[in-house]
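In what follows, a structure is listed as C-alpha cells, so that the remarks can point back to it.
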Amino acid sequence: MKKILFCWILFVGIFSANAQLNYFYDSKGNEVHFKIRKDMIFIKAPDSMRIADIVENSLFTKASVTHKQFVIATIDTLKTGIENLQKDLALKNSTYMLEYSDGTLMSPTDKIFVKCGEGKTIEKVLEQAKVSHIVRSVSLFNKNHSIYQLTVRSDLYNVMDIAVTLYQSGLCEFAEPSFLRLLKPANSNPYYPNQWGFKNTGQHSGEAGCDINVEPAWNITSGSGNIKVAIIDEGVDLTHPDLYANLLPGYDATDAACGGANGSPCGNDAHGTACAGIVAAIDNTIGVIGVAPSCKIIPVRIAYSDPWGWWVTTDAEIADGLHYAWATAGADILSNSWGGGSSSAVINTEIQDAFSYGRNGKGCVIAFSSGNGNNPSVSYPANSNSNIIAVGAISPCCERKSLTSCDGESGWGSNYGTQLDVVAPGVFIPTTDIHGSAGYSSGDYILNFNGTSSACPHVAGVAALVLSVNPSLTQVQVQQIIESTAQKVRPDLYTYSTTSGHPNGTWNNQMGYGLVDAYAAVQAACAIPVYFTNQTVTTNTTVSSCGDIQLGNDVITNSAKLTLEPGGNVVIEEGAGILKIEEGSVFEIKTP
C-alpha cells in the first residue's frame, strides 16, 4: 500500500482550544450531528501506561478494553469529567462517546478518510488546509476512488475538528472520521421440525403456511457449489459439523486483541455462525438445514463482541471486509445482519463497487437487516442504496415482528418504512451455534435465534438458490425476482398497493413487497434463459439450467468437453455465429 510520511513538529493546540465538536460533513455536504455522551469516554492508551491500569482505575464506573489500544469507560459526571481525566491521569488522547440519532454509540478514532477534490493531490490538500504538521501518515485506502486514510497525531478530542477543517477548506469531496462503532447485533436435521420459517405447521402458535416456501424449491435445486455467500459478521465457526464442508477460505478484517484467523470467531461470538447456518447448513442427518444447503460460505469477520455485548468495529474494517468479499473472494451474495449509526462514504463506496463490479460486472446481491428498534425507518446501511435488499422480520403469525406480535417477545420490533423491501422469519429460529460449550448455548445449536439478523440470511439463501439455477442473472434481475415474487401475506392486516419508488409490484410500509418466496423466485429464475455466449471452453465444463440455455459465438478447444443440461431448450442466439468445436473437443446435450 502506498505510504506518504510527514514529519511531526511541535504543535500548540489550535484544535484543543475548542469544545468537542459533535458533527462532521458527509459526502453530500450535510452536517451529521451526534449527541455527546458525557457519561462515556473513549480512550487511546498512552505508550507509557498499561491498558490494565486504565481499566482498573477507581474513577471509572465500568471500563472495557476494545480494539487493542483503546478503552471505553463509563464515568460519574458529578465526580469527574474528561477534562479532569486528561489532566490528572494524563489521558490526553480521549474523547466523549457520541450517540447517533438511532442510538448507535460511535467515536472518532485517530484516522480520517479523505477524497481530494478534482485535480488536487493529497499533499497539496494537507498543506493548503494547514494540517500537514499533525498528520503522522497517509495511506491510499481505495485506489479506484482515490480515497486516502490519514493517521493524525492529535488528540481524539480534536479529530472531528480536523475533519471539518479539511472539508471546509473546499479542497476535498469529503473528509470523515473513521469511526469506531458499537453495534448491537441485529438479534437481541433433528431440529428441522422446529424450523417454522421453512415449513410452518403452526409451531409457536403460528399460522400454518406462513413460511418462505422452500421445500418445493428444493425439488428444483438445493443450491450450487459454485455460488458463494459471504457472511459479513463476527466470524463463523470453522469446525462446526453442519458447516465446515461448505466453508471456503475466510478473512479477518479486524484488529482484534482476541484470536480468530481465516474468518473464525473469538470466544463466545456466535452471531456469524448462527447466520451462516440459516444460509447453508448442510443437509445431513444432524442439526439443522440451511436455505441453500449446497452453496458455499465465505466467513468474513468485521467485528467482535466486547464484555458489554456491543459489537466493536470501525468503518475501515467494515469497508475492508466488504472489499475482500466481492473483490478478492468473488462472493456472489453478501449477507449483512448488522447496522446502525451515521452514513459512511467509505462503506457506501464499497457497497456501490460491489454492485458495479462484483461477479465480473453482473453485480453482487447484497442483503442487510432493517434493524430491531421497532422504528418507522430502516437502519443504515440498509437505507443507503436502492440496490440493497433491506430485510425486515416477521413472527410465526405472518405479522411484522413488533412489540405486540404473537410471538410474545415484547422487547424488540422490526424496523420498517420507505426503504423496506421484503420480510422473512425473524423469531424462534433454530440454527447453528459455535461447536462445543462456547457461543449462545452449551451445545452445537441454538433454537431461538432472533431479530432481523435471522431474517436477512433467509433472503441471502433464497438469492443463492436463484443464482444456482441461473448464474447469468444480474444483481438487478435477482432483486427484481425476489421482490416481485414475494407473498402478500396477511391482507387482513396490511394493504399492498402500487407505490412510487417501488417498481417490483405492490408494496406495504410494514411488510415491503411481502414475505420472500423461495419456490416462486426459483421458478421465475428458471423462466429466464441461462446465457452461455462468447465463451471459449478450454476445460471440461457443464452448464445446467432448469429452463433454456442460450448459446452464441462459443468455441470448444483444447480437447475439452462442453455438457449442457437444460430443463428446457438449447437456443442459438439470434444473429450469432454457430458453435465452433475444434478437433478432439466434445459437445454434449443431456436431456432430463
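We name chains A, B, ... following the order of the C-alpha cells; residues begin at 1 in each chain, and ligands are numbered from 1 as shown.
Residue neighbourhood of Ala460 of chain A, excluding near-sequence residues (fewer than 5 positions): Val279, Ile333, Ser335 and Ala367 of chain A, at 7 Å, using only C-alpha atoms.
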Keeping only C-alpha atoms, write the selected residues to a file as a short mmCIF file (atom, residue, chain, number, x, y, z; two decimals), in the first residue's frame.
data_model
loop_
_atom_site.label_atom_id
_atom_site.label_comp_id
_atom_site.auth_asym_id
_atom_site.auth_seq_id
_atom_site.Cartn_x
_atom_site.Cartn_y
_atom_site.Cartn_z
CA VAL A 279 -27.95 -19.71 4.73
CA ILE A 333 -24.06 -12.63 -2.31
CA SER A 335 -25.28 -11.23 3.81
CA ALA A 367 -28.93 -8.08 1.78
#
Find the residues around Ala274 of chain A up to 6 Å (only C-alpha atoms counted), leave out those fewer than 4 positions away in its own chain, and share them as a compact mmCIF listing (two decimals) with C-alpha atoms, in the first residue's frame.
# COMPACT_ATOMS: atom_id res chain seq x y z
CA THR A 431 -29.66 -22.62 13.66
CA THR A 432 -26.01 -23.43 14.26
CA ASP A 433 -24.14 -22.30 17.36
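Residues within 8 Å of segment 354-366 of chain A, counting only C-alpha atoms and excluding same-chain residues fewer than 6 positions away, are A:His323, A:Trp326, A:Ala327, A:Gly330, A:Ala331, A:Asp332, A:Ile333, A:Leu334, A:Ser335, A:Asn336, A:Asn387, A:Ile388, A:Ile389, A:Ala460, A:Ala463, A:Ser472, A:Leu473, A:Thr474, A:Gln475, A:Val476, A:Val478, A:Gln479.
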Shell around segment 213-221 of chain A at 12 Å using only C-alpha atoms, local window under 5 positions removed, as a PyMOL selection string: chain A and resi 192+195-201+208+283+289-295+424-425+458-459+461-470+485-487+515-526+544-547+567
Separation of atom CA of Thr254 of chain A from atom CA of Glu31 of chain A in Å: 28.5 Å
Which of A:Lys143, A:Arg181, A:Arg153, A:Lys296 sits closest to Thr104 of chain A [using only C-alpha atoms]: A:Arg181
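Here the question is which of A:Val135, A:Val229, A:Val489, A:Leu238 gets nearest to Ser264 of chain A using only C-alpha atoms, and that residue is A:Leu238.
With atom CA of Pro265 of chain A on one side and atom CA of Met97 of chain A on the other, the separation reads 26.4 Å.
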Separation of atom CA of Leu564 of chain A from atom CA of Ala527 of chain A in Å: 16.8 Å
Who sits within 12 Å of Ile162 of chain A, only C-alpha atoms, same chain under 4 positions skipped, as an MDAnalysis selection string: chainID A and resid 13:16 18 20:21 23:25 108:114 126 129:135 150:158 166:169 175:177
Neighbour list for segment 371-385 of chain A as a list in words, cut-off 8 Å, only C-alpha atoms, skip fewer than 6 positions in-chain: Asp102, Ala186, Asn187, Trp338, Gly339, Gly340, Gly341, Ser342, Ser343, Asn348, Gln352, Gly392, Ser402, Leu403, Trp412, Gly413, Ser414, Asn415, Tyr416, Gly417, Thr418, Gln419, Leu420, Gly451 and Thr452 of chain A
For the residues selected in the previous step, produce a file with N, CA and C atoms as a PDB file, in the first residue's frame.
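Produced file selection_4.pdb, reproduced below:
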ATOM      1  N   ASP A 102     -30.034   7.083  15.884  1.00  0.00           N
ATOM      2  CA  ASP A 102     -30.671   5.774  16.027  1.00  0.00           C
ATOM      3  C   ASP A 102     -30.205   5.043  17.283  1.00  0.00           C
ATOM      4  N   ALA A 186     -28.029  -7.579  15.238  1.00  0.00           N
ATOM      5  CA  ALA A 186     -29.445  -7.465  14.913  1.00  0.00           C
ATOM      6  C   ALA A 186     -30.246  -8.637  15.431  1.00  0.00           C
ATOM      7  N   ASN A 187     -29.720  -9.405  16.385  1.00  0.00           N
ATOM      8  CA  ASN A 187     -30.513 -10.439  17.036  1.00  0.00           C
ATOM      9  C   ASN A 187     -30.627 -10.131  18.513  1.00  0.00           C
ATOM     10  N   TRP A 338     -26.423  -6.748  10.383  1.00  0.00           N
ATOM     11  CA  TRP A 338     -25.947  -5.716  11.295  1.00  0.00           C
ATOM     12  C   TRP A 338     -26.301  -4.359  10.705  1.00  0.00           C
ATOM     13  N   GLY A 339     -26.122  -3.325  11.509  1.00  0.00           N
ATOM     14  CA  GLY A 339     -26.363  -1.976  11.030  1.00  0.00           C
ATOM     15  C   GLY A 339     -26.474  -1.004  12.183  1.00  0.00           C
ATOM     16  N   GLY A 340     -26.512   0.285  11.838  1.00  0.00           N
ATOM     17  CA  GLY A 340     -26.669   1.326  12.833  1.00  0.00           C
ATOM     18  C   GLY A 340     -25.652   2.423  12.670  1.00  0.00           C
ATOM     19  N   GLY A 341     -25.999   3.617  13.135  1.00  0.00           N
ATOM     20  CA  GLY A 341     -25.095   4.748  13.094  1.00  0.00           C
ATOM     21  C   GLY A 341     -25.262   5.582  11.847  1.00  0.00           C
ATOM     22  N   SER A 342     -24.385   6.571  11.713  1.00  0.00           N
ATOM     23  CA  SER A 342     -24.462   7.503  10.593  1.00  0.00           C
ATOM     24  C   SER A 342     -23.873   6.878   9.333  1.00  0.00           C
ATOM     25  N   SER A 343     -24.171   7.509   8.220  1.00  0.00           N
ATOM     26  CA  SER A 343     -23.674   7.039   6.924  1.00  0.00           C
ATOM     27  C   SER A 343     -22.181   7.266   6.812  1.00  0.00           C
ATOM     28  N   ASN A 348     -20.170   3.175   1.896  1.00  0.00           N
ATOM     29  CA  ASN A 348     -21.069   3.296   0.745  1.00  0.00           C
ATOM     30  C   ASN A 348     -20.338   3.032  -0.568  1.00  0.00           C
ATOM     31  N   GLN A 352     -21.331   0.185  -3.299  1.00  0.00           N
ATOM     32  CA  GLN A 352     -21.627   0.509  -4.701  1.00  0.00           C
ATOM     33  C   GLN A 352     -20.681  -0.211  -5.645  1.00  0.00           C
ATOM     34  N   GLY A 392     -36.801  -7.024   6.653  1.00  0.00           N
ATOM     35  CA  GLY A 392     -37.442  -6.961   7.960  1.00  0.00           C
ATOM     36  C   GLY A 392     -37.825  -8.350   8.446  1.00  0.00           C
ATOM     37  N   SER A 402     -43.284  -7.070  16.015  1.00  0.00           N
ATOM     38  CA  SER A 402     -43.455  -5.819  16.745  1.00  0.00           C
ATOM     39  C   SER A 402     -43.456  -6.112  18.236  1.00  0.00           C
ATOM     40  N   LEU A 403     -43.647  -5.100  19.029  1.00  0.00           N
ATOM     41  CA  LEU A 403     -43.676  -5.275  20.480  1.00  0.00           C
ATOM     42  C   LEU A 403     -44.876  -6.096  20.923  1.00  0.00           C
ATOM     43  N   TRP A 412     -38.525  -6.125  21.395  1.00  0.00           N
ATOM     44  CA  TRP A 412     -37.997  -5.567  20.161  1.00  0.00           C
ATOM     45  C   TRP A 412     -39.020  -5.678  19.041  1.00  0.00           C
ATOM     46  N   GLY A 413     -38.797  -4.888  18.010  1.00  0.00           N
ATOM     47  CA  GLY A 413     -39.636  -4.966  16.825  1.00  0.00           C
ATOM     48  C   GLY A 413     -38.808  -4.661  15.596  1.00  0.00           C
ATOM     49  N   SER A 414     -39.250  -5.131  14.467  1.00  0.00           N
ATOM     50  CA  SER A 414     -38.530  -4.961  13.209  1.00  0.00           C
ATOM     51  C   SER A 414     -38.745  -3.549  12.663  1.00  0.00           C
ATOM     52  N   ASN A 415     -37.658  -2.882  12.266  1.00  0.00           N
ATOM     53  CA  ASN A 415     -37.781  -1.574  11.627  1.00  0.00           C
ATOM     54  C   ASN A 415     -38.489  -1.705  10.278  1.00  0.00           C
ATOM     55  N   TYR A 416     -39.170  -0.651   9.895  1.00  0.00           N
ATOM     56  CA  TYR A 416     -39.949  -0.679   8.657  1.00  0.00           C
ATOM     57  C   TYR A 416     -39.890   0.697   8.016  1.00  0.00           C
ATOM     58  N   GLY A 417     -40.690   0.918   6.986  1.00  0.00           N
ATOM     59  CA  GLY A 417     -40.714   2.232   6.355  1.00  0.00           C
ATOM     60  C   GLY A 417     -40.344   2.200   4.885  1.00  0.00           C
ATOM     61  N   THR A 418     -40.092   3.376   4.354  1.00  0.00           N
ATOM     62  CA  THR A 418     -39.970   3.588   2.912  1.00  0.00           C
ATOM     63  C   THR A 418     -38.951   2.681   2.246  1.00  0.00           C
ATOM     64  N   GLN A 419     -37.830   2.398   2.918  1.00  0.00           N
ATOM     65  CA  GLN A 419     -36.765   1.638   2.269  1.00  0.00           C
ATOM     66  C   GLN A 419     -36.838   0.140   2.512  1.00  0.00           C
ATOM     67  N   LEU A 420     -37.871  -0.340   3.190  1.00  0.00           N
ATOM     68  CA  LEU A 420     -38.021  -1.777   3.417  1.00  0.00           C
ATOM     69  C   LEU A 420     -38.383  -2.482   2.107  1.00  0.00           C
ATOM     70  N   GLY A 451     -34.365 -11.754  15.671  1.00  0.00           N
ATOM     71  CA  GLY A 451     -34.025 -10.439  15.148  1.00  0.00           C
ATOM     72  C   GLY A 451     -34.009 -10.397  13.631  1.00  0.00           C
ATOM     73  N   THR A 452     -33.875  -9.181  13.114  1.00  0.00           N
ATOM     74  CA  THR A 452     -33.697  -9.062  11.670  1.00  0.00           C
ATOM     75  C   THR A 452     -32.371  -9.686  11.248  1.00  0.00           C
TER      76      THR A 452
END
